[in-house]
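Peer 1: This structure is in structure tokens; I'll ask about it shortly.
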Amino acid sequence: MQEPFSMAIRTRFAPSPTGFLHVGGARTALFCWLQARKEAGTFILRIEDTDLERSTEASVEAILQGMAWLGLQEDEGPYYQSQRFERYTEVLEQLRSQGLAYPCTCSKERLEALRAEQMAAGLKPRYDGRCRDREVLDEGVAPVMRFRNPTDGEVVFHDQVRGPVRFANEELDDLVIARPDGSPTYNFCVVVDDMDMEISLVIRGDDHINNTPRQINIYHALGATPPDFAHVPMILGEDGARLSKRHGAVSVLQYRELGYLPHALLNYLVRLGWSHGDQEVFTREEMIELFDIEAVNRKAAAFDHEKLKWLNQHWMKTLPPEEVAVELQPQLERLGLDPAQGPPLEDLISVQAERVQTLVELVEASRWCFEDFEDFDVGAAKKHLRPVAAEPLQALRERLQALDDWTPEALDVAVKAVVAELEIGFGKLAQPLRVALTGAGMSPSIDQTLWLVGKGRSLERMERALAFIAARAAQA
RNA sequence: GUCCCCAUCGUCUAGAGGCCUAGGACCCCAGCCUUUCACGCUGGUAACGGGGGUUCGAAUCCCCCUGGGGACGCCA
């Protein structure tokens with residue numbers, strides 16, 4: 001429990017670099033970050049790479065990149081457990097000298113057999129403590145170190161999302177805290193680190209809830225006060241099953257590639273398991289102000305891409321275009337278009353954002369702004385590039401040629417003037433023009449389309465469409 | 001198998017005994033707007049898993065069942 005005079009909170013996000021940063025981890029990181037920001041505390045990033053076998057440099061990079069992309073900036077770190085082995089060894093010695101840890105030479109085979117036996121007998125598999133008080137250990141076997149867990153009583157703690165939690169020590173066993181080569185294991189390192197780094201609130205996935213009583217016992221053995229805990233529920237796949245590689249994009253960086261805005265993902269994630277009345281849309285500032293870890297649900301939530309898309313569109317429309325452009329530019333390049341060959345990205349975003357849900361869709365719906373199209377869409381050309389369209393197109397082309405003020409407003413006036421002059425319906429000019437400019441029958445409003453294509457290119461493309469109509473007429 | 005947790009529309013959620021003929025959002029459907037595509041607007045379909053209690057009264061409290069999830073590593 002927090003003392004009234006205690007210092008500002010310190011939270012940490014502690015991923016293990018055995019893969020990329022997935023959405024579940026990202027949400028945990030977000031919650032840690034938000035709670036720290038909200039209480040003017042400190043957010044710490046720690047890489048849990050004690051398992052040297054499975055940790056990779058590439059994963060560390062991916063996690064750091066993911067965090068950076070989301071804008072979850074740490075105040076301290078990143079710390080690496082692999083660089084703290086000396087400290088763990090020191091604490092290990094301390095425990096051992098106090099008799100709170102002991103060496104164990106039980107073979108993996110024996111342990112496996114024991115487990116199988118217990119399961120068969122309808123019991124919960126636990127270490128039976130054979131080496132706990134043994135004077136003489138087996139020869140020639142490098143021992144692991146086990147923590148001497150209390151055998152009776154119970155561990156009680158108040159979880160900020162789960163409420164009161166209690167575990168009987170009888171359910172626990174003497175866990176391994178160091179491998180035969182002396183390298184420490186997770187449950188031990190976490191405690192030493194959280195203690196040394198003075199973490200005051202541990203926010204993590206609820207798959208760790210069962211580790212908590214063991215860790216609390218280690219805190220006590222070390223004479224330290226455990227931090228507060230908050231175990232947040234997991235995120236499920238769209239089918240309600242546990243999220244895995246099978247459910248499509250799981251890495252945060254894959255969402256970037258799919259064309260999502262980091263803020264849209266954050267907004268989506270913050271609403272998973274947490275809410276503030278009926279509010280769906282949150283700015284960064286609102287999240288910080290309104291978020292409260294104690295208001296988080298206890299129920300696992302399924303990930304819904306449709307809602308993410310809706311939020312993504314919302315933020316593409318809402319965020320300052322310059323900000324969206326930062327994400328759009330690399331997408332254009334990645335998809336083979338040269339940003340220099342098209343309109344200013346801010347202009348493009350301002351007209352296209354409401355027509356697409358991702359940046360990838362935005363790029364695909366805007367190719368005509370950056371490069372000439374090969375052929376007219378057959379259906380659209382057949383329907384709209386007919387002889388009857390020649391006169392309006394020609395009339396507009398002449399008018400536009402003389403137009404210097406190439407703005408949506410002026411273009412709209414020009415188009416309407418031609419329509420009025422020829423006494424035709426707006427669509428009689430707009431649709432053929434649309435096909436002429438983009439090659440297809442779908443695009444933003446016609447004035448905006450002209451605007452984005454630009455004067456030189458618009459005149460060229462109208463000329464091309466006129467030639468197409470003429471050729472077609474000659475053929476008939 | 002053992003221990004722990006969870007349970008409101010398809011999905012995310014509001015709801016902390018009467019304000020609930022259960023609200024919002026995404027999705028879906030219909031209409032309006034309209035030069036295409038969209039946006040927007042209006043309306044609609046759709047839920048308290050089941051059974052027992054407690055209470056004048058339960059989505060809200062208790063129990064059982066069912067269903068889902070997690071944990072049980074010399075992984076984190």
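Starting from 1 in every chain, residues are counted up; chains themselves are A, B, ... following the order of the structure tokens, and ligands are numbered from 1 as listed.
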Taking only C-alpha atoms (C1' of nucleotides) into account and nothing else, which residues of chain B lie no more than 8 Å away from chain A? Please answer as JSON, numbers by chain.
Peer 2: {"B": [1, 2, 3, 4, 6, 11, 12, 13, 14, 24, 25, 26, 27, 35, 36, 37, 38, 39, 69, 70, 71, 72, 74, 75, 76]}
Peer 1: Among the residues of range 17-264 of chain A, find those DSSP assigns to strand (DSSP E) from the backbone and print them as a tab-separated table (two decimals) with N, CA, C and O atoms, in the first residue's frame.
Peer 2:
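Resulting contents of part_11.tsv:
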chain	number	residue	atom	x	y	z
A	42	THR	N	7.62	7.66	-12.71
A	42	THR	CA	8.70	7.28	-13.62
A	42	THR	C	8.37	5.95	-14.30
A	42	THR	O	7.94	5.01	-13.64
A	43	PHE	N	8.56	5.92	-15.61
A	43	PHE	CA	8.30	4.71	-16.38
A	43	PHE	C	9.64	4.12	-16.82
A	43	PHE	O	10.45	4.79	-17.45
A	44	ILE	N	9.85	2.87	-16.42
A	44	ILE	CA	11.14	2.23	-16.66
A	44	ILE	C	11.01	1.08	-17.65
A	44	ILE	O	10.03	0.32	-17.61
A	45	LEU	N	11.98	0.96	-18.53
A	45	LEU	CA	11.97	-0.15	-19.49
A	45	LEU	C	13.11	-1.09	-19.13
A	45	LEU	O	14.26	-0.66	-18.92
A	46	ARG	N	12.77	-2.36	-19.02
A	46	ARG	CA	13.79	-3.33	-18.64
A	46	ARG	C	13.67	-4.55	-19.55
A	46	ARG	O	12.58	-5.08	-19.74
A	47	ILE	N	14.78	-4.96	-20.10
A	47	ILE	CA	14.77	-6.12	-20.99
A	47	ILE	C	15.15	-7.35	-20.17
A	47	ILE	O	16.23	-7.42	-19.61
A	76	GLU	N	13.51	5.86	-17.77
A	76	GLU	CA	14.76	5.23	-17.33
A	76	GLU	C	14.94	3.94	-18.09
A	76	GLU	O	14.00	3.24	-18.38
A	77	GLY	N	16.18	3.62	-18.36
A	77	GLY	CA	16.47	2.38	-19.07
A	77	GLY	C	16.75	2.66	-20.53
A	77	GLY	O	16.96	3.82	-20.90
A	78	PRO	N	16.73	1.64	-21.36
A	78	PRO	CA	16.46	0.26	-20.97
A	78	PRO	C	17.60	-0.38	-20.17
A	78	PRO	O	18.76	-0.19	-20.49
A	79	TYR	N	17.18	-1.11	-19.14
A	79	TYR	CA	18.13	-1.90	-18.36
A	79	TYR	C	18.11	-3.30	-18.96
A	79	TYR	O	17.10	-3.72	-19.52
A	80	TYR	N	19.24	-3.98	-18.81
A	80	TYR	CA	19.31	-5.35	-19.33
A	80	TYR	C	19.68	-6.27	-18.18
A	80	TYR	O	20.68	-6.06	-17.52
A	101	ALA	N	18.10	-20.35	0.67
A	101	ALA	CA	18.19	-21.01	-0.62
A	101	ALA	C	19.10	-22.21	-0.42
A	101	ALA	O	19.97	-22.18	0.45
A	102	TYR	N	18.88	-23.25	-1.20
A	102	TYR	CA	19.71	-24.45	-1.03
A	102	TYR	C	19.97	-25.12	-2.37
A	102	TYR	O	19.16	-24.99	-3.29
A	103	PRO	N	21.08	-25.84	-2.46
A	103	PRO	CA	21.41	-26.54	-3.71
A	103	PRO	C	20.60	-27.82	-3.84
A	103	PRO	O	20.26	-28.44	-2.83
A	104	CYS	N	20.28	-28.16	-5.07
A	104	CYS	CA	19.48	-29.36	-5.32
A	104	CYS	C	20.07	-30.12	-6.49
A	104	CYS	O	20.37	-29.54	-7.53
A	144	VAL	N	21.30	-27.12	-8.92
A	144	VAL	CA	20.56	-25.87	-9.15
A	144	VAL	C	20.33	-25.31	-7.76
A	144	VAL	O	20.53	-26.00	-6.77
A	145	MET	N	19.94	-24.04	-7.69
A	145	MET	CA	19.63	-23.47	-6.38
A	145	MET	C	18.12	-23.32	-6.29
A	145	MET	O	17.48	-22.86	-7.23
A	146	ARG	N	17.61	-23.72	-5.14
A	146	ARG	CA	16.17	-23.56	-4.94
A	146	ARG	C	15.89	-22.58	-3.80
A	146	ARG	O	16.68	-22.48	-2.86
A	147	PHE	N	14.79	-21.91	-3.91
A	147	PHE	CA	14.38	-20.99	-2.86
A	147	PHE	C	13.59	-21.77	-1.82
A	147	PHE	O	12.72	-22.57	-2.16
A	154	GLU	N	-0.19	-18.28	4.54
A	154	GLU	CA	-0.60	-17.90	3.20
A	154	GLU	C	-0.08	-16.52	2.83
A	154	GLU	O	0.30	-15.73	3.70
A	155	VAL	N	-0.04	-16.29	1.54
A	155	VAL	CA	0.41	-15.00	1.04
A	155	VAL	C	-0.83	-14.22	0.64
A	155	VAL	O	-1.67	-14.71	-0.11
A	156	VAL	N	-0.97	-13.04	1.18
A	156	VAL	CA	-2.13	-12.22	0.87
A	156	VAL	C	-1.66	-10.90	0.29
A	156	VAL	O	-0.72	-10.30	0.80
A	157	PHE	N	-2.26	-10.48	-0.78
A	157	PHE	CA	-1.92	-9.16	-1.30
A	157	PHE	C	-3.14	-8.55	-1.97
A	157	PHE	O	-4.10	-9.25	-2.31
A	158	HIS	N	-3.07	-7.26	-2.14
A	158	HIS	CA	-4.19	-6.57	-2.78
A	158	HIS	C	-3.77	-6.20	-4.19
A	158	HIS	O	-2.86	-5.42	-4.40
A	159	ASP	N	-4.44	-6.80	-5.15
A	159	ASP	CA	-4.12	-6.52	-6.55
A	159	ASP	C	-4.99	-5.36	-7.01
A	159	ASP	O	-6.20	-5.36	-6.77
A	163	GLY	N	-8.26	-7.07	-6.96
A	163	GLY	CA	-8.76	-6.97	-5.59
A	163	GLY	C	-7.93	-7.87	-4.70
A	163	GLY	O	-6.79	-8.18	-5.02
A	164	PRO	N	-8.50	-8.30	-3.56
A	164	PRO	CA	-7.73	-9.13	-2.63
A	164	PRO	C	-7.42	-10.51	-3.23
A	164	PRO	O	-8.29	-11.12	-3.83
A	165	VAL	N	-6.18	-10.94	-3.08
A	165	VAL	CA	-5.78	-12.24	-3.60
A	165	VAL	C	-5.05	-12.97	-2.49
A	165	VAL	O	-4.25	-12.39	-1.77
A	166	ARG	N	-5.36	-14.26	-2.33
A	166	ARG	CA	-4.64	-15.03	-1.31
A	166	ARG	C	-4.27	-16.40	-1.83
A	166	ARG	O	-5.03	-17.03	-2.55
A	167	PHE	N	-3.06	-16.83	-1.48
A	167	PHE	CA	-2.57	-18.13	-1.90
A	167	PHE	C	-2.02	-18.84	-0.68
A	167	PHE	O	-1.29	-18.25	0.11
A	168	ALA	N	-2.35	-20.11	-0.54
A	168	ALA	CA	-1.81	-20.90	0.56
A	168	ALA	C	-0.39	-21.32	0.17
A	168	ALA	O	-0.15	-21.75	-0.95
A	176	VAL	N	13.21	-23.19	-8.51
A	176	VAL	CA	14.62	-23.05	-8.90
A	176	VAL	C	14.89	-21.57	-9.16
A	176	VAL	O	14.19	-20.92	-9.93
A	177	ILE	N	15.90	-21.04	-8.50
A	177	ILE	CA	16.23	-19.63	-8.75
A	177	ILE	C	17.57	-19.45	-9.45
A	177	ILE	O	17.90	-18.36	-9.89
A	178	ALA	N	18.34	-20.55	-9.57
A	178	ALA	CA	19.56	-20.46	-10.38
A	178	ALA	C	19.82	-21.81	-11.03
A	178	ALA	O	19.57	-22.86	-10.44
A	201	LEU	N	4.94	-0.05	-8.40
A	201	LEU	CA	3.73	-0.69	-8.92
A	201	LEU	C	4.10	-1.58	-10.11
A	201	LEU	O	4.57	-1.09	-11.14
A	202	VAL	N	3.85	-2.86	-9.96
A	202	VAL	CA	4.12	-3.81	-11.03
A	202	VAL	C	2.83	-4.06	-11.80
A	202	VAL	O	1.87	-4.60	-11.26
A	203	ILE	N	2.80	-3.61	-13.05
A	203	ILE	CA	1.65	-3.85	-13.91
A	203	ILE	C	2.10	-4.88	-14.93
A	203	ILE	O	3.09	-4.68	-15.62
A	204	ARG	N	1.40	-6.01	-15.03
A	204	ARG	CA	1.82	-7.04	-15.96
A	204	ARG	C	0.63	-7.90	-16.33
A	204	ARG	O	-0.47	-7.73	-15.79
A	205	GLY	N	0.80	-8.81	-17.27
A	205	GLY	CA	-0.27	-9.68	-17.72
A	205	GLY	C	-0.68	-10.63	-16.60
A	205	GLY	O	0.14	-10.99	-15.76
A	228	ASP	N	3.26	-2.76	-5.08
A	228	ASP	CA	1.85	-3.03	-5.35
A	228	ASP	C	1.80	-3.78	-6.67
A	228	ASP	O	2.71	-3.66	-7.48
A	229	PHE	N	0.74	-4.53	-6.88
A	229	PHE	CA	0.61	-5.28	-8.12
A	229	PHE	C	-0.69	-4.96	-8.81
A	229	PHE	O	-1.67	-4.61	-8.17
A	230	ALA	N	-0.66	-5.07	-10.12
A	230	ALA	CA	-1.89	-4.91	-10.91
A	230	ALA	C	-1.76	-5.89	-12.07
A	230	ALA	O	-0.90	-5.73	-12.93
A	231	HIS	N	-2.59	-6.92	-12.07
A	231	HIS	CA	-2.53	-7.91	-13.14
A	231	HIS	C	-3.65	-7.68	-14.14
A	231	HIS	O	-4.82	-7.82	-13.81
A	232	VAL	N	-3.25	-7.32	-15.33
A	232	VAL	CA	-4.25	-7.00	-16.35
A	232	VAL	C	-4.56	-8.23	-17.20
A	232	VAL	O	-3.69	-9.06	-17.44
A	235	ILE	N	-5.21	-10.41	-23.93
A	235	ILE	CA	-5.96	-10.06	-25.13
A	235	ILE	C	-6.12	-11.34	-25.93
A	235	ILE	O	-5.16	-12.09	-26.12
A	236	LEU	N	-7.34	-11.59	-26.37
A	236	LEU	CA	-7.63	-12.80	-27.14
A	236	LEU	C	-7.70	-12.48	-28.63
A	236	LEU	O	-7.90	-11.34	-29.02
Peer 1: Run DSSP on the backbone of this structure and report the residues of range 214-399 of chain A it assigns to alpha helix (DSSP H), as a ChimeraX atom specification.
Peer 2: /A:214-221,252-257,262-270,284-290,305-318,321-334,345-352,359-364,367-370,378-384,387-399
Peer 1: Could the residues in this selection be written to a file with C-alpha atoms, as a tab-separated table (two decimals), in the first residue's frame?
Peer 2:
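Just written: result29.tsv:
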chain	number	residue	atom	x	y	z
A	214	ARG	CA	6.33	-16.84	-4.88
A	215	GLN	CA	7.86	-13.47	-5.59
A	216	ILE	CA	6.37	-11.93	-2.50
A	217	ASN	CA	7.95	-14.68	-0.43
A	218	ILE	CA	11.30	-13.85	-1.99
A	219	TYR	CA	10.82	-10.17	-1.16
A	220	HIS	CA	10.23	-11.13	2.44
A	221	ALA	CA	13.26	-13.40	2.48
A	252	VAL	CA	3.09	-4.01	-33.26
A	253	LEU	CA	5.37	-3.24	-36.17
A	254	GLN	CA	3.12	-5.27	-38.42
A	255	TYR	CA	0.35	-2.84	-37.64
A	256	ARG	CA	2.60	-0.06	-38.84
A	257	GLU	CA	3.13	-1.96	-42.05
A	262	PRO	CA	0.34	4.60	-33.75
A	263	HIS	CA	-2.19	6.74	-31.97
A	264	ALA	CA	-5.09	4.74	-33.40
A	265	LEU	CA	-3.58	1.54	-32.02
A	266	LEU	CA	-3.03	3.18	-28.65
A	267	ASN	CA	-6.60	4.48	-28.57
A	268	TYR	CA	-7.89	1.04	-29.50
A	269	LEU	CA	-5.73	-0.70	-26.90
A	270	VAL	CA	-6.64	1.63	-24.07
A	284	ARG	CA	-3.02	11.25	-25.64
A	285	GLU	CA	-3.70	13.92	-23.03
A	286	GLU	CA	-7.15	12.55	-22.30
A	287	MET	CA	-5.79	9.05	-21.85
A	288	ILE	CA	-3.25	10.30	-19.36
A	289	GLU	CA	-5.78	12.33	-17.48
A	290	LEU	CA	-8.59	9.78	-17.40
A	305	HIS	CA	-9.78	-5.28	-36.31
A	306	GLU	CA	-12.95	-3.62	-37.56
A	307	LYS	CA	-13.05	-1.27	-34.63
A	308	LEU	CA	-9.35	-0.60	-34.93
A	309	LYS	CA	-9.94	0.38	-38.57
A	310	TRP	CA	-12.72	2.72	-37.59
A	311	LEU	CA	-10.48	4.43	-35.05
A	312	ASN	CA	-7.68	4.54	-37.57
A	313	GLN	CA	-9.87	6.39	-40.04
A	314	HIS	CA	-11.08	8.66	-37.32
A	315	TRP	CA	-7.56	9.66	-36.43
A	316	MET	CA	-6.44	10.00	-40.05
A	317	LYS	CA	-9.25	12.53	-40.43
A	318	THR	CA	-8.67	14.21	-37.10
A	321	PRO	CA	-2.26	16.22	-41.69
A	322	GLU	CA	1.44	16.88	-41.10
A	323	GLU	CA	1.41	14.27	-38.38
A	324	VAL	CA	-0.30	11.71	-40.57
A	325	ALA	CA	2.12	12.55	-43.38
A	326	VAL	CA	5.01	11.31	-41.25
A	327	GLU	CA	3.50	7.84	-41.41
A	328	LEU	CA	2.23	8.13	-44.96
A	329	GLN	CA	5.52	9.02	-46.59
A	330	PRO	CA	7.31	5.72	-45.83
A	331	GLN	CA	4.22	3.83	-46.94
A	332	LEU	CA	4.28	5.52	-50.33
A	333	GLU	CA	7.91	4.66	-50.78
A	334	ARG	CA	7.40	1.14	-49.59
A	345	LEU	CA	0.94	14.85	-48.64
A	346	GLU	CA	-1.04	17.11	-46.35
A	347	ASP	CA	-3.39	17.98	-49.23
A	348	LEU	CA	-3.74	14.35	-50.19
A	349	ILE	CA	-4.53	13.33	-46.64
A	350	SER	CA	-7.07	16.07	-46.22
A	351	VAL	CA	-9.13	14.73	-49.11
A	352	GLN	CA	-8.49	10.98	-48.93
A	359	LEU	CA	-2.59	4.31	-44.95
A	360	VAL	CA	-2.07	1.38	-47.29
A	361	GLU	CA	-5.59	1.88	-48.63
A	362	LEU	CA	-4.88	5.57	-48.93
A	363	VAL	CA	-1.85	4.87	-51.08
A	364	GLU	CA	-3.70	2.39	-53.26
A	367	ARG	CA	-1.80	6.08	-57.28
A	368	TRP	CA	-3.18	8.39	-59.99
A	369	CYS	CA	-1.79	11.35	-58.06
A	370	PHE	CA	1.74	10.05	-58.41
A	378	VAL	CA	-12.81	-0.81	-69.26
A	379	GLY	CA	-16.19	-0.50	-67.64
A	380	ALA	CA	-15.73	3.11	-66.62
A	381	ALA	CA	-14.46	4.11	-70.06
A	382	LYS	CA	-17.30	2.36	-71.82
A	383	LYS	CA	-19.82	4.11	-69.65
A	384	HIS	CA	-18.38	7.59	-69.50
A	387	PRO	CA	-18.74	10.97	-77.87
A	388	VAL	CA	-21.30	12.93	-75.92
A	389	ALA	CA	-18.62	13.69	-73.33
A	390	ALA	CA	-16.25	15.26	-75.82
A	391	GLU	CA	-17.81	18.69	-75.97
A	392	PRO	CA	-18.00	19.27	-72.19
A	393	LEU	CA	-14.48	17.95	-71.70
A	394	GLN	CA	-13.16	20.15	-74.46
A	395	ALA	CA	-14.93	23.19	-73.10
A	396	LEU	CA	-13.62	22.62	-69.62
A	397	ARG	CA	-10.14	21.96	-70.87
A	398	GLU	CA	-10.05	25.35	-72.58
A	399	ARG	CA	-11.32	27.06	-69.51
Peer 1: Might you pull out every residue within 9 Å of A22 in chain B, with only C-alpha atoms (C1' of nucleotides) counted and same-chain residues fewer than 5 positions away left off, and present them as a PyMOL selection string?
Peer 2: chain B and resi 8+15+47-48+59
Peer 1: Output the selection as an mmCIF file, in the first residue's frame - N, CA, C and O atoms (P, O5', C5', C4', C3', O3' and C1' of nucleotides) for each residue.
Peer 2:
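The resulting again.cif:
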data_model
loop_
_atom_site.group_PDB
_atom_site.id
_atom_site.type_symbol
_atom_site.label_atom_id
_atom_site.label_comp_id
_atom_site.auth_asym_id
_atom_site.auth_seq_id
_atom_site.Cartn_x
_atom_site.Cartn_y
_atom_site.Cartn_z
ATOM 1 P P U B 8 -19.933 -11.190 -20.132
ATOM 2 O "O5'" U B 8 -21.335 -10.555 -20.544
ATOM 3 C "C5'" U B 8 -22.529 -11.251 -20.167
ATOM 4 C "C4'" U B 8 -23.691 -10.361 -20.504
ATOM 5 C "C3'" U B 8 -23.630 -9.751 -21.896
ATOM 6 O "O3'" U B 8 -24.117 -10.653 -22.859
ATOM 7 C "C1'" U B 8 -24.168 -8.079 -20.325
ATOM 8 P P G B 15 -19.838 1.471 -15.072
ATOM 9 O "O5'" G B 15 -21.306 1.109 -14.647
ATOM 10 C "C5'" G B 15 -22.367 2.089 -14.757
ATOM 11 C "C4'" G B 15 -23.680 1.339 -14.736
ATOM 12 C "C3'" G B 15 -23.851 0.595 -13.417
ATOM 13 O "O3'" G B 15 -24.873 1.235 -12.665
ATOM 14 C "C1'" G B 15 -24.303 -0.776 -15.345
ATOM 15 P P A B 47 -31.381 -10.020 -28.027
ATOM 16 O "O5'" A B 47 -30.183 -10.095 -26.989
ATOM 17 C "C5'" A B 47 -29.330 -11.251 -26.982
ATOM 18 C "C4'" A B 47 -28.304 -11.075 -25.901
ATOM 19 C "C3'" A B 47 -28.859 -10.961 -24.481
ATOM 20 O "O3'" A B 47 -29.072 -12.247 -23.943
ATOM 21 C "C1'" A B 47 -27.260 -9.261 -24.855
ATOM 22 P P C B 48 -30.282 -12.464 -22.952
ATOM 23 O "O5'" C B 48 -29.789 -11.642 -21.692
ATOM 24 C "C5'" C B 48 -29.246 -12.355 -20.573
ATOM 25 C "C4'" C B 48 -27.993 -11.642 -20.195
ATOM 26 C "C3'" C B 48 -27.386 -12.150 -18.897
ATOM 27 O "O3'" C B 48 -26.031 -12.447 -19.199
ATOM 28 C "C1'" C B 48 -27.891 -9.809 -18.745
ATOM 29 P P A B 59 -32.728 -8.386 -12.943
ATOM 30 O "O5'" A B 59 -31.186 -8.649 -13.261
ATOM 31 C "C5'" A B 59 -30.776 -9.524 -14.289
ATOM 32 C "C4'" A B 59 -29.279 -9.449 -14.449
ATOM 33 C "C3'" A B 59 -28.518 -9.208 -13.146
ATOM 34 O "O3'" A B 59 -28.177 -10.443 -12.561
ATOM 35 C "C1'" A B 59 -27.850 -7.625 -14.768
#
Peer 1: Show which residues sit within 12 Å of U42 in chain B, as a list in words. Count only C-alpha atoms (C1' of nucleotides), and ignore same-chain residues fewer than 4 positions away.
Peer 2: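 Returned residues: A30, G31, C32 and C33 of chain B.
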Peer 1: Emit the selected residues as a short mmCIF file (atom, residue, chain, number, x, y, z; two decimals), in the first residue's frame, including C-alpha atoms (C1' of nucleotides).
Peer 2:
data_model
loop_
_atom_site.label_atom_id
_atom_site.label_comp_id
_atom_site.auth_asym_id
_atom_site.auth_seq_id
_atom_site.Cartn_x
_atom_site.Cartn_y
_atom_site.Cartn_z
"C1'" A B 30 -32.74 0.57 -44.20
"C1'" G B 31 -33.49 5.72 -45.37
"C1'" C B 32 -31.58 10.73 -46.17
"C1'" C B 33 -27.58 13.61 -48.37
#
Peer 1: One decimal, in Å: what's the spacing between C1' of C41 in chain B and CA of Thr449 in chain A?
Peer 2: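 For C1' of C41 in chain B relative to CA of Thr449 in chain A, the distance reads 25.0 Å.
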